[in-house]
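Heads up, query_10.txt below (compact mmCIF, C-alpha atoms and all ligand atoms):
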# COMPACT_ATOMS: atom_id res chain seq x y z
CA MET A 1 64.74 108.61 118.75
CA HIS A 2 66.17 107.96 122.20
CA LYS A 3 65.71 111.00 124.43
CA GLN A 4 65.31 108.67 127.37
CA ILE A 5 68.81 107.37 126.88
CA SER A 6 70.45 110.09 128.99
CA SER A 7 69.08 108.49 132.09
CA PHE A 8 70.00 105.11 130.66
CA LEU A 9 73.63 106.20 130.45
CA LEU A 10 73.51 107.41 134.04
CA LEU A 11 72.21 104.05 135.09
CA LEU A 12 75.11 102.32 133.41
CA ALA A 13 77.53 103.57 136.05
CA VAL A 14 75.47 101.91 138.75
CA PHE A 15 75.04 98.86 136.65
CA PHE A 16 78.75 98.22 136.11
CA SER A 17 78.93 96.95 139.68
CA CYS A 18 76.56 94.05 138.83
CA THR A 19 78.25 92.73 135.69
CA THR A 20 80.88 90.08 135.12
CA PRO A 21 84.30 90.83 136.63
CA GLU A 22 86.02 90.74 133.20
CA ASN A 23 83.98 93.62 131.86
CA LYS A 24 82.72 95.49 134.88
CA GLU A 25 85.25 98.29 134.78
CA LYS A 26 84.93 98.88 131.07
CA PRO A 27 82.58 101.44 129.58
CA LEU A 28 80.02 99.80 127.32
CA ALA A 29 81.37 101.65 124.27
CA GLN A 30 84.76 100.05 124.85
CA VAL A 31 83.26 96.57 125.20
CA ILE A 32 81.42 97.14 121.92
CA ASN A 33 84.47 98.44 120.04
CA GLU A 34 86.68 95.62 121.26
CA SER A 35 84.00 93.07 120.39
CA LEU A 36 83.57 94.45 116.87
CA GLU A 37 87.33 94.40 116.40
CA PHE A 38 87.48 90.80 117.60
CA ALA A 39 84.51 89.84 115.40
CA THR A 40 86.28 91.37 112.42
CA GLN A 41 89.52 89.44 112.95
CA GLN A 42 87.64 86.21 113.62
CA SER A 43 85.35 86.60 110.60
CA LEU A 44 88.26 87.34 108.28
CA LEU A 45 89.81 84.06 109.44
CA MET A 46 86.49 82.34 108.73
CA ALA A 47 86.26 83.90 105.27
CA GLU A 48 89.82 82.86 104.42
CA SER A 49 89.20 79.32 105.63
CA LEU A 50 86.58 78.72 102.91
CA LYS A 51 88.23 80.62 100.10
CA ASP A 52 88.87 77.44 98.12
CA GLN A 53 85.33 76.13 98.57
CA PRO A 54 83.36 78.78 96.70
CA ASP A 55 79.94 77.23 97.17
CA ARG A 56 80.17 76.57 100.93
CA LEU A 57 79.11 78.75 103.86
CA PRO A 58 79.68 78.45 107.64
CA LYS A 59 77.05 76.56 109.62
CA THR A 60 78.40 75.16 112.93
CA ILE A 61 81.02 72.70 114.21
CA ASN A 62 81.03 68.90 114.16
CA ALA A 63 81.63 66.52 117.08
CA GLU A 64 85.39 66.95 116.61
CA GLY A 65 85.07 70.72 116.89
CA GLN A 66 85.79 71.28 113.21
CA LEU A 67 83.95 73.68 110.94
CA GLU A 68 80.78 72.25 109.43
CA THR A 69 79.66 74.07 106.30
CA CYS A 70 76.46 74.19 104.30
CA GLY A 71 75.42 74.91 100.73
CA SER A 72 73.31 77.94 99.88
CA ALA A 73 70.05 75.98 100.27
CA TRP A 74 70.41 75.47 104.04
CA TRP A 75 68.41 78.12 105.90
CA VAL A 76 71.44 79.72 107.61
CA SER A 77 73.39 80.50 104.41
CA GLY A 78 72.73 84.26 104.46
CA PHE A 79 73.99 84.93 107.97
CA PHE A 80 77.76 84.90 107.43
CA PRO A 81 77.53 87.29 104.45
CA GLY A 82 75.38 89.48 106.71
CA VAL A 83 78.02 89.39 109.47
CA LEU A 84 80.61 90.55 106.95
CA TRP A 85 78.39 93.43 105.79
CA TYR A 86 77.79 94.62 109.36
CA LEU A 87 81.52 94.47 110.06
CA TYR A 88 82.19 96.35 106.83
CA GLU A 89 79.69 99.00 107.96
CA SER A 90 81.61 99.28 111.24
CA ASN A 91 85.03 99.32 109.60
CA PRO A 92 84.82 99.94 105.83
CA THR A 93 87.93 98.19 104.52
CA ASP A 94 88.35 96.76 101.00
CA SER A 95 89.05 93.35 102.40
CA LEU A 96 85.78 93.18 104.38
CA LYS A 97 83.85 94.47 101.37
CA ASP A 98 85.45 91.96 98.98
CA TRP A 99 84.66 89.07 101.29
CA ALA A 100 81.13 90.35 101.94
CA ILE A 101 80.47 90.44 98.19
CA ASN A 102 82.12 87.06 97.68
CA TYR A 103 79.97 85.34 100.33
CA THR A 104 76.79 87.18 99.35
CA LEU A 105 77.05 85.94 95.77
CA ARG A 106 77.34 82.37 97.07
CA VAL A 107 73.69 82.65 98.17
CA GLU A 108 72.20 84.22 95.04
CA ASP A 109 70.67 81.04 93.62
CA GLN A 110 68.31 80.96 96.61
CA LYS A 111 66.30 83.82 95.13
CA TYR A 112 64.33 81.12 93.30
CA THR A 113 63.53 79.15 96.46
CA THR A 114 59.83 78.30 96.66
CA ASP A 115 59.92 75.06 98.65
CA ASN A 116 60.36 76.62 102.12
CA HIS A 117 59.93 79.96 103.87
CA ASP A 118 63.61 80.56 104.65
CA VAL A 119 64.24 82.59 101.50
CA GLY A 120 63.77 85.73 103.61
CA PHE A 121 66.53 84.74 106.05
CA MET A 122 68.83 83.65 103.22
CA ILE A 123 68.41 86.59 100.89
CA PHE A 124 67.60 89.53 103.15
CA CYS A 125 70.46 89.02 105.65
CA SER A 126 72.90 88.82 102.73
CA PHE A 127 71.54 90.85 99.81
CA GLY A 128 69.45 93.12 102.04
CA ASN A 129 72.54 94.32 103.87
CA ALA A 130 74.50 94.44 100.60
CA TYR A 131 71.92 96.80 99.09
CA ARG A 132 71.58 98.86 102.28
CA LEU A 133 75.31 99.57 102.31
CA THR A 134 76.06 99.91 98.59
CA GLY A 135 72.82 100.98 96.92
CA ASP A 136 73.71 98.67 94.02
CA THR A 137 70.44 97.80 92.26
CA ALA A 138 71.81 94.42 91.17
CA TYR A 139 71.31 93.44 94.82
CA SER A 140 67.78 94.85 95.06
CA GLU A 141 66.78 92.90 91.94
CA VAL A 142 67.79 89.70 93.71
CA ILE A 143 65.58 90.72 96.65
CA HIS A 144 62.72 91.42 94.23
CA THR A 145 62.97 87.93 92.74
CA ALA A 146 63.26 86.37 96.20
CA SER A 147 60.16 88.24 97.40
CA ASN A 148 58.19 86.93 94.43
CA SER A 149 59.39 83.43 95.33
CA LEU A 150 58.35 83.82 98.98
CA ILE A 151 54.81 85.03 98.28
CA THR A 152 54.08 81.90 96.21
CA ARG A 153 53.84 80.19 99.60
CA PHE A 154 50.95 82.37 100.80
CA ASN A 155 47.52 80.77 101.14
CA PRO A 156 44.75 83.41 101.34
CA THR A 157 42.28 81.00 102.96
CA ILE A 158 44.69 80.57 105.87
CA GLY A 159 46.25 84.03 105.69
CA CYS A 160 49.80 82.74 106.19
CA ILE A 161 52.95 81.76 104.34
CA ARG A 162 53.57 78.03 104.68
CA SER A 163 56.85 77.26 106.48
CA TRP A 164 57.71 73.69 105.57
CA ASP A 165 56.57 71.51 102.68
CA TYR A 166 55.60 67.90 103.10
CA ALA A 167 58.36 65.60 104.33
CA PRO A 168 58.11 62.38 106.36
CA TRP A 169 59.02 64.27 109.55
CA SER A 170 56.41 66.96 108.87
CA ALA A 171 53.69 64.58 107.71
CA LYS A 172 51.56 65.18 110.80
CA TRP A 173 50.87 68.77 109.72
CA GLN A 174 48.58 69.87 106.86
CA TYR A 175 49.97 73.39 106.73
CA PRO A 176 52.74 74.11 109.27
CA VAL A 177 53.55 77.72 110.14
CA ILE A 178 56.38 78.31 112.61
CA ILE A 179 56.94 81.42 114.69
CA ASP A 180 60.36 81.81 113.00
CA ASN A 181 58.48 82.79 109.84
CA MET A 182 57.84 86.27 111.27
CA MET A 183 61.46 87.03 110.36
CA ASN A 184 60.89 86.53 106.65
CA LEU A 185 58.32 89.34 106.60
CA GLU A 186 61.00 92.05 106.80
CA MET A 187 62.05 91.33 103.22
CA LEU A 188 58.43 91.61 102.04
CA GLU A 189 57.83 94.91 103.83
CA TRP A 190 61.04 96.23 102.33
CA ALA A 191 60.12 95.02 98.82
CA SER A 192 56.70 96.60 99.07
CA LYS A 193 58.26 100.02 99.63
CA ALA A 194 61.21 99.57 97.25
CA PHE A 195 59.04 98.37 94.36
CA SER A 196 55.84 100.31 95.21
CA ASP A 197 53.77 97.15 95.25
CA THR A 198 51.43 96.37 98.14
CA VAL A 199 51.20 92.72 97.19
CA TYR A 200 54.23 92.05 99.43
CA SER A 201 53.05 94.05 102.45
CA HIS A 202 49.56 92.56 102.12
CA VAL A 203 51.04 89.07 102.50
CA ALA A 204 53.35 90.17 105.34
CA GLU A 205 50.60 91.87 107.32
CA SER A 206 48.09 89.07 106.81
CA HIS A 207 50.73 86.62 108.04
CA ALA A 208 51.58 88.78 111.06
CA ASN A 209 47.89 89.24 111.95
CA THR A 210 47.06 85.54 111.64
CA THR A 211 50.14 84.58 113.65
CA LEU A 212 49.25 87.12 116.33
CA LYS A 213 45.80 85.54 116.62
CA ASN A 214 46.85 81.90 116.74
CA HIS A 215 50.46 81.48 117.82
CA PHE A 216 50.29 83.16 121.24
CA ARG A 217 49.11 82.11 124.66
CA ASP A 218 47.53 84.50 127.17
CA ASP A 219 50.95 85.23 128.73
CA PHE A 220 52.41 86.24 125.31
CA SER A 221 54.58 83.13 125.06
CA SER A 222 54.27 81.38 121.72
CA TYR A 223 53.85 77.93 120.29
CA HIS A 224 56.51 76.91 117.82
CA VAL A 225 54.31 75.26 115.15
CA ILE A 226 50.70 76.10 114.35
CA SER A 227 49.24 73.92 111.65
CA TYR A 228 46.16 74.94 109.69
CA ASP A 229 43.40 72.96 108.02
CA THR A 230 43.78 73.73 104.32
CA ILE A 231 40.04 73.47 103.61
CA THR A 232 38.63 75.55 106.47
CA GLY A 233 41.67 77.73 107.17
CA GLN A 234 41.24 77.01 110.90
CA VAL A 235 43.95 75.90 113.33
CA GLU A 236 44.29 72.10 113.32
CA LYS A 237 47.28 71.59 115.68
CA LYS A 238 49.47 73.49 118.15
CA ASN A 239 52.83 71.77 118.51
CA THR A 240 56.55 72.16 118.81
CA ALA A 241 59.41 70.91 116.67
CA GLN A 242 62.46 72.37 118.37
CA GLY A 243 61.12 73.15 121.84
CA TYR A 244 60.87 70.96 124.95
CA SER A 245 57.13 70.35 124.61
CA ASP A 246 54.07 71.63 122.77
CA ASP A 247 53.21 73.84 125.73
CA SER A 248 56.70 75.08 126.55
CA ALA A 249 58.35 78.36 125.58
CA TRP A 250 61.22 77.50 123.23
CA ALA A 251 63.70 80.33 123.80
CA ARG A 252 64.65 81.14 120.22
CA GLY A 253 61.00 81.07 119.21
CA GLN A 254 60.23 83.74 121.81
CA GLY A 255 63.09 85.73 120.26
CA TRP A 256 61.78 85.33 116.71
CA GLY A 257 58.40 86.62 117.87
CA LEU A 258 59.88 89.57 119.76
CA TYR A 259 62.09 90.59 116.85
CA GLY A 260 59.34 89.95 114.30
CA TYR A 261 56.66 92.15 115.90
CA THR A 262 59.17 94.89 116.74
CA MET A 263 60.20 94.92 113.07
CA MET A 264 56.55 94.88 111.92
CA TYR A 265 55.82 97.92 114.08
CA ARG A 266 58.81 99.73 112.57
CA GLU A 267 57.62 98.87 109.04
CA THR A 268 53.91 99.61 109.46
CA GLY A 269 53.45 101.92 112.46
CA ASN A 270 50.62 99.60 113.56
CA LYS A 271 50.39 99.85 117.38
CA VAL A 272 48.94 96.35 117.62
CA TYR A 273 52.36 94.99 116.65
CA LEU A 274 54.07 97.24 119.19
CA GLU A 275 51.78 96.01 121.97
CA GLN A 276 52.51 92.44 120.94
CA ALA A 277 56.26 93.04 121.04
CA GLU A 278 55.96 94.65 124.49
CA GLY A 279 53.93 91.69 125.74
CA ILE A 280 56.54 89.25 124.48
CA ALA A 281 59.35 91.32 126.02
CA ASP A 282 57.54 91.33 129.37
CA PHE A 283 57.15 87.56 129.20
CA ILE A 284 60.86 87.06 128.56
CA LEU A 285 62.21 89.69 130.95
CA ASN A 286 59.98 88.68 133.87
CA HIS A 287 60.37 84.94 133.44
CA PRO A 288 61.66 83.30 136.65
CA ASN A 289 63.91 81.06 134.54
CA LEU A 290 65.74 83.90 132.81
CA PRO A 291 69.27 83.60 134.25
CA GLU A 292 71.16 86.49 135.83
CA ASP A 293 73.40 86.92 132.80
CA LYS A 294 70.19 87.19 130.70
CA ILE A 295 71.22 84.48 128.22
CA PRO A 296 68.24 82.10 128.19
CA TYR A 297 68.21 78.39 128.62
CA TRP A 298 67.34 76.77 125.27
CA ASP A 299 63.74 76.45 126.47
CA PHE A 300 62.24 78.47 129.32
CA ASN A 301 60.57 75.26 130.51
CA ALA A 302 63.52 72.90 130.06
CA PRO A 303 63.13 70.32 132.84
CA ASP A 304 66.77 70.49 133.95
CA VAL A 305 66.89 74.25 134.64
CA PRO A 306 69.25 75.53 136.14
CA ASN A 307 71.53 72.93 134.52
CA ALA A 308 69.91 73.18 131.09
CA LYS A 309 72.04 74.31 128.15
CA ARG A 310 72.03 77.98 127.33
CA ASP A 311 71.22 79.28 123.86
CA ALA A 312 73.48 82.20 122.95
CA SER A 313 71.62 82.56 119.64
CA ALA A 314 68.40 83.31 121.53
CA GLY A 315 70.30 85.72 123.79
CA ALA A 316 71.77 87.61 120.83
CA LEU A 317 68.47 87.73 118.95
CA ILE A 318 66.53 88.98 121.98
CA CYS A 319 69.26 91.53 122.69
CA SER A 320 69.12 92.97 119.18
CA ALA A 321 65.31 93.13 119.29
CA LEU A 322 65.26 94.80 122.73
CA ILE A 323 67.62 97.53 121.56
CA GLU A 324 65.29 98.36 118.68
CA LEU A 325 62.15 98.08 120.82
CA SER A 326 63.66 100.45 123.41
CA GLY A 327 63.30 103.20 120.82
CA TYR A 328 59.53 102.78 120.52
CA VAL A 329 58.38 102.73 124.17
CA PRO A 330 58.16 105.21 127.07
CA ALA A 331 61.31 106.06 129.03
CA GLU A 332 60.91 103.68 131.94
CA LYS A 333 60.29 100.65 129.75
CA SER A 334 63.04 101.73 127.41
CA GLN A 335 65.51 101.70 130.29
CA ASP A 336 64.34 98.26 131.44
CA TYR A 337 64.94 96.88 127.94
CA LEU A 338 68.32 98.55 127.57
CA ILE A 339 69.58 97.35 130.93
CA VAL A 340 68.80 93.77 129.95
CA ALA A 341 70.28 94.29 126.47
CA GLU A 342 73.45 95.68 128.02
CA THR A 343 73.74 92.71 130.37
CA GLN A 344 73.31 90.40 127.38
CA LEU A 345 75.96 92.23 125.36
CA ARG A 346 78.42 92.15 128.25
CA SER A 347 77.69 88.46 128.89
CA LEU A 348 78.10 87.49 125.23
CA SER A 349 81.27 89.59 125.01
CA SER A 350 82.83 87.84 128.01
CA PRO A 351 84.96 84.67 127.82
CA ALA A 352 81.92 82.71 129.01
CA TYR A 353 80.40 83.01 125.52
CA ARG A 354 82.88 84.71 123.20
CA ALA A 355 85.59 82.60 121.62
CA GLU A 356 89.34 83.18 121.50
CA LEU A 357 90.83 84.40 118.23
CA GLY A 358 91.29 81.44 115.87
CA ALA A 359 89.43 79.03 118.18
CA ASN A 360 85.79 77.84 117.92
CA ALA A 361 86.34 77.08 114.19
CA ASN A 362 86.45 80.87 113.74
CA PHE A 363 82.88 81.46 114.91
CA ILE A 364 82.46 84.42 117.25
CA LEU A 365 80.18 82.94 119.91
CA LYS A 366 80.05 79.60 121.71
CA HIS A 367 77.13 77.86 123.46
CA SER A 368 74.07 77.87 121.21
CA VAL A 369 71.46 75.18 120.70
CA GLY A 370 70.07 74.38 117.26
CA HIS A 371 67.72 71.42 117.67
CA MET A 372 67.70 69.85 121.13
CA PRO A 373 64.90 67.29 120.53
CA ASN A 374 66.91 65.93 117.57
CA GLY A 375 70.12 66.01 119.58
CA THR A 376 71.72 68.07 116.82
CA GLU A 377 73.69 71.32 117.21
CA VAL A 378 73.65 71.21 121.00
CA ASP A 379 76.02 73.62 122.80
CA VAL A 380 77.80 74.70 119.63
CA PRO A 381 78.55 77.88 117.70
CA LEU A 382 75.86 78.80 115.17
CA THR A 383 76.25 81.34 112.41
CA TYR A 384 72.98 83.08 113.29
CA ALA A 385 74.10 83.62 116.89
CA ASP A 386 77.05 85.53 115.44
CA TYR A 387 74.80 87.50 113.08
CA TYR A 388 72.40 88.78 115.75
CA TYR A 389 75.28 89.44 118.17
CA VAL A 390 77.10 91.63 115.63
CA GLU A 391 73.80 93.32 114.73
CA ALA A 392 73.15 94.00 118.43
CA LEU A 393 76.66 95.45 118.84
CA MET A 394 76.04 97.75 115.89
CA ARG A 395 72.62 98.80 117.15
CA MET A 396 73.92 99.61 120.63
CA LYS A 397 76.93 101.44 119.18
CA LYS A 398 74.64 103.66 117.07
CA LEU A 399 72.42 104.32 120.03
CA LEU A 400 75.38 105.43 122.18
CA GLN A 401 76.68 107.61 119.33
CA GLU A 402 73.25 109.29 118.95
CA GLU A 403 73.29 109.99 122.65
CA GLU A 404 76.76 111.53 122.46
CA LYS A 405 75.57 113.91 119.73
CA GLN A 406 72.70 115.25 121.85
N1 LIG A 501 64.45 78.62 111.90
C1 LIG A 501 65.05 77.56 112.58
C2 LIG A 501 65.59 77.84 113.93
O1 LIG A 501 65.37 78.83 114.56
O2 LIG A 501 66.27 76.98 114.40
Rewrite the structure of this file - the entire thing - as structure tokens.
Amino acid sequence: MHKQISSFLLLLAVFFSCTTPENKEKPLAQVINESLEFATQQSLLMAESLKDQPDRLPKTINAEGQLETCGSAWWVSGFFPGVLWYLYESNPTDSLKDWAINYTLRVEDQKYTTDNHDVGFMIFCSFGNAYRLTGDTAYSEVIHTASNSLITRFNPTIGCIRSWDYAPWSAKWQYPVIIDNMMNLEMLEWASKAFSDTVYSHVAESHANTTLKNHFRDDFSSYHVISYDTITGQVEKKNTAQGYSDDSAWARGQGWGLYGYTMMYRETGNKVYLEQAEGIADFILNHPNLPEDKIPYWDFNAPDVPNAKRDASAGALICSALIELSGYVPAEKSQDYLIVAETQLRSLSSPAYRAELGANANFILKHSVGHMPNGTEVDVPLTYADYYYVEALMRMKKLLQEEEKQ
């Protein structure tokens, strides 16, 4: 998969001289192994801390720095179980497996969710990883039910899955579709293959095609919310909810798009998705406001750059996506992506972003932004930052191991 990686490894030696002092002498493999070991210890503390609250899952911290939890219905519920599964994959101990199962089952009731699009995040990060690592069909049945729930939200006139239902705060949109929704398509593509039923992939590919047509600007940056007219199926509004402005490039949204189209290329082999992912990567990597440590500000157009808050969740998500995308492009591009991904991994693994053991309410990473315009979850740990960071560590570790074997 990664023949071009030999030259990537050679480049690493040169690159060490440009990274943070804490990590610059360490080989990348060592940074990854130490980070996975830290993530394991920290996540076991997190798991223990909620052992007496069997229907709660980690979300973020409150103003006092204490753990804030959520029930299974909040969109982030599947991420901590997913972290535990990745850590179990890295280090298959009984204790990690027991906790991974325990936290995964906390999310099961969400397989019936039909009132928002987040069922893919909730069920595929938890049960998807559970099935991938155990092959237990009890888990795949949950994914089957969840996929049937998700496709109830598809409108064939529009060609998309609806993201949010009506609420007072979403009243201005007839049919809101957010770029984040690309992430829920992975479960549908998986279900289509697992259950030999193209109904799921038809919905996923229609959604991806419609989003590709309407969500992107000429420079491959994306709007956060596109709303559709339910009678004509045409775009009615182009807005933001979590970004700085309708016309800005909200950092995590750029990450959702990058990850989403990379994943859709993997699942379908359709080159249009690959070209889209490359375009998005070019936008992010060449943006003048991408900082030297490659962890984006919460919005590429935040007015207070360079003092704007960083979003480690966007950094981790983009990092994970770039590692995968590096396997699908020619050597030179692959190296460009991997150099940025390595910088991101080293940055996130440094004390600037990674917590101390037992601190940060037992989350792995600091400094993410959930919803800046609401003033909520600003400069805090977020469970999905941890998920994509651990996923990126695992992806880079596998890539280095493949290279060693060659
Ligand atoms: N899907 C919500 C977010 O990215 O914050």
Proximity to Thr198 of chain A - best of A:Ser147, A:Gly243, A:Trp298, A:Tyr265, all atoms listed in the file: A:Ser147
Could you list, with a cut-off of 10 Å and counting all atoms listed in the file, the residues of chain A near ligand LIG 501 (chain A), each shown with its nearest atom pair and the distance in Å rounded to one decimal, rows sorted by chain and ascending number, as a Markdown table?
| residue | atom | partner | partner_atom | distance |
| --- | --- | --- | --- | --- |
| A:Trp75 | CA | A:LIG501 | N1 | 7.2 |
| A:Val76 | CA | A:LIG501 | N1 | 8.3 |
| A:His117 | CA | A:LIG501 | N1 | 9.3 |
| A:Asp118 | CA | A:LIG501 | N1 | 7.6 |
| A:Phe121 | CA | A:LIG501 | N1 | 8.7 |
| A:Ser163 | CA | A:LIG501 | N1 | 9.4 |
| A:Ile178 | CA | A:LIG501 | N1 | 8.1 |
| A:Ile179 | CA | A:LIG501 | N1 | 8.5 |
| A:Asp180 | CA | A:LIG501 | N1 | 5.3 |
| A:Asn181 | CA | A:LIG501 | N1 | 7.6 |
| A:Met183 | CA | A:LIG501 | N1 | 9.1 |
| A:His224 | CA | A:LIG501 | O1 | 9.6 |
| A:Ala241 | CA | A:LIG501 | O2 | 9.4 |
| A:Gln242 | CA | A:LIG501 | O2 | 7.2 |
| A:Gly243 | CA | A:LIG501 | O2 | 9.8 |
| A:Trp250 | CA | A:LIG501 | O1 | 9.7 |
| A:Ala251 | CA | A:LIG501 | O1 | 9.5 |
| A:Arg252 | CA | A:LIG501 | O1 | 6.2 |
| A:Gly253 | CA | A:LIG501 | O1 | 6.8 |
| A:Gly255 | CA | A:LIG501 | O1 | 9.2 |
| A:Trp256 | CA | A:LIG501 | O1 | 7.7 |
| A:Ser313 | CA | A:LIG501 | O1 | 8.9 |
| A:Ala314 | CA | A:LIG501 | O1 | 8.8 |
| A:Val369 | CA | A:LIG501 | O2 | 8.4 |
| A:Gly370 | CA | A:LIG501 | O2 | 5.4 |
| A:His371 | CA | A:LIG501 | O2 | 6.6 |
| A:Met372 | CA | A:LIG501 | O2 | 9.9 |
| A:Glu377 | CA | A:LIG501 | O2 | 9.7 |
| A:Leu382 | CA | A:LIG501 | O2 | 9.8 |
| A:Tyr384 | CA | A:LIG501 | O1 | 8.8 |
Between A:Ala204, A:Ile143, A:Leu96, A:Leu133, which one has atoms that come closest to Met46 of chain A, using only C-alpha atoms?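 When distances to Met46 of chain A are compared using only C-alpha atoms, the smallest one comes from A:Leu96.
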Using all atoms listed in the file, the best pick from A:Tyr273, A:Phe283, A:Tyr244, A:Tyr259 as closest to Glu324 of chain A would be A:Tyr259
Taking (83.4, 86.1, 95.9) in the file's own coordinates, collect the residues within 12 Å, counting only C-alpha atoms, and hand them back as a PyMOL selection string. chain A and resi 47-48+50-57+81+95-108
What is the atom CA of Met396 of chain A to atom CA of Gly279 of chain A distance in Å?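 Computed distance, atom CA of Met396 of chain A to atom CA of Gly279 of chain A, equals 22.1 Å.
For the atom pair formed by atom CA of Asp386 of chain A and atom CA of Val329 of chain A, the distance is 26.8 Å, given to one decimal.
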One number please: atom CA of Thr157 of chain A to atom CA of Ser221 of chain A, in Å, one decimal.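 Atom-to-atom, atom CA of Thr157 of chain A to atom CA of Ser221 of chain A, that is 25.4 Å.
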Sorted by chain and rising residue number, list the residues of segment 226-331 of chain A at most 12 Å from segment 167-172 of chain A (counting all atoms listed in the file), each with its closest atom pair and distance in Å to one decimal, as JSON lines.
{"residue": "A:Ile226", "atom": "CA", "partner": "A:Lys172", "partner_atom": "CA", "distance": 11.5}
{"residue": "A:Ser227", "atom": "CA", "partner": "A:Lys172", "partner_atom": "CA", "distance": 9.1}
{"residue": "A:Tyr228", "atom": "CA", "partner": "A:Lys172", "partner_atom": "CA", "distance": 11.2}
{"residue": "A:Asp229", "atom": "CA", "partner": "A:Lys172", "partner_atom": "CA", "distance": 11.6}
{"residue": "A:Glu236", "atom": "CA", "partner": "A:Lys172", "partner_atom": "CA", "distance": 10.3}
{"residue": "A:Lys237", "atom": "CA", "partner": "A:Lys172", "partner_atom": "CA", "distance": 9.1}
{"residue": "A:Lys238", "atom": "CA", "partner": "A:Lys172", "partner_atom": "CA", "distance": 11.3}
{"residue": "A:Asn239", "atom": "CA", "partner": "A:Lys172", "partner_atom": "CA", "distance": 10.2}
{"residue": "A:Thr240", "atom": "CA", "partner": "A:Ser170", "partner_atom": "CA", "distance": 11.2}
{"residue": "A:Ala241", "atom": "CA", "partner": "A:Ser170", "partner_atom": "CA", "distance": 9.2}
Shell of 9 Å around Ala361 of chain A, all atoms listed in the file, local chain residues under 6 positions omitted, as a PyMOL selection string: chain A and resi 46+60-61+65-68+381
Shortest interatomic distance to Ile284 of chain A - which of A:Gly159, A:Gly315, A:Gly327, A:Gly260, counting only C-alpha atoms: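 Looking at the shortest contact to Ile284 of chain A, the residue is A:Gly315.
Of the listed residues (A:Gln401, A:Asn155, A:Thr69, A:Ser368), A:Asn155 comes nearest to Thr232 of chain A; the distances count all atoms listed in the file.
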Quick one: of A:Asn374, A:Ser248, A:Gln110, A:Ser326, who's nearest to Asn301 of chain A, counting all atoms listed in the file? A:Ser248
Could you pull the residues within 12 Å of Asn148 of chain A, counting all atoms listed in the file, minus those fewer than 4 positions along the same chain, as a PyMOL selection string? chain A and resi 110-114+117+119-120+141-144+152-154+187-188+191-192+195+197+199-201+203
Would you pick out the contacts of Ala341 of chain A at 7 Å or less, using all atoms listed in the file, so that residues sharing its chain but fewer than 6 positions from it are not included, and give the list as a PyMOL selection string? chain A and resi 319+322-323
Tell me, as a ChimeraX atom specification, which residues lie within 10 Å of Ser90 of chain A, counting only C-alpha atoms; anything in the same chain fewer than 3 positions away does not count. /A:33,36-37,40,84-87,93,390,393-394,397
Need the shell around segment 288-290 of chain A: protein/DNA/RNA residues with any atom at most 8 Å away, counting only C-alpha atoms. Skip same-chain ones fewer than 2 positions apart. Format as a PDB file with C-alpha atoms, in the frame of the given file?
ATOM      1  CA  ILE A 284      60.860  87.060 128.560  1.00  0.00           C
ATOM      2  CA  LEU A 285      62.210  89.690 130.950  1.00  0.00           C
ATOM      3  CA  ASN A 286      59.980  88.680 133.870  1.00  0.00           C
ATOM      4  CA  GLU A 292      71.160  86.490 135.830  1.00  0.00           C
ATOM      5  CA  LYS A 294      70.190  87.190 130.700  1.00  0.00           C
ATOM      6  CA  ILE A 295      71.220  84.480 128.220  1.00  0.00           C
ATOM      7  CA  PRO A 296      68.240  82.100 128.190  1.00  0.00           C
ATOM      8  CA  TYR A 297      68.210  78.390 128.620  1.00  0.00           C
ATOM      9  CA  PHE A 300      62.240  78.470 129.320  1.00  0.00           C
ATOM     10  CA  ASN A 301      60.570  75.260 130.510  1.00  0.00           C
ATOM     11  CA  VAL A 305      66.890  74.250 134.640  1.00  0.00           C
ATOM     12  CA  PRO A 306      69.250  75.530 136.140  1.00  0.00           C
TER      13      PRO A 306
END
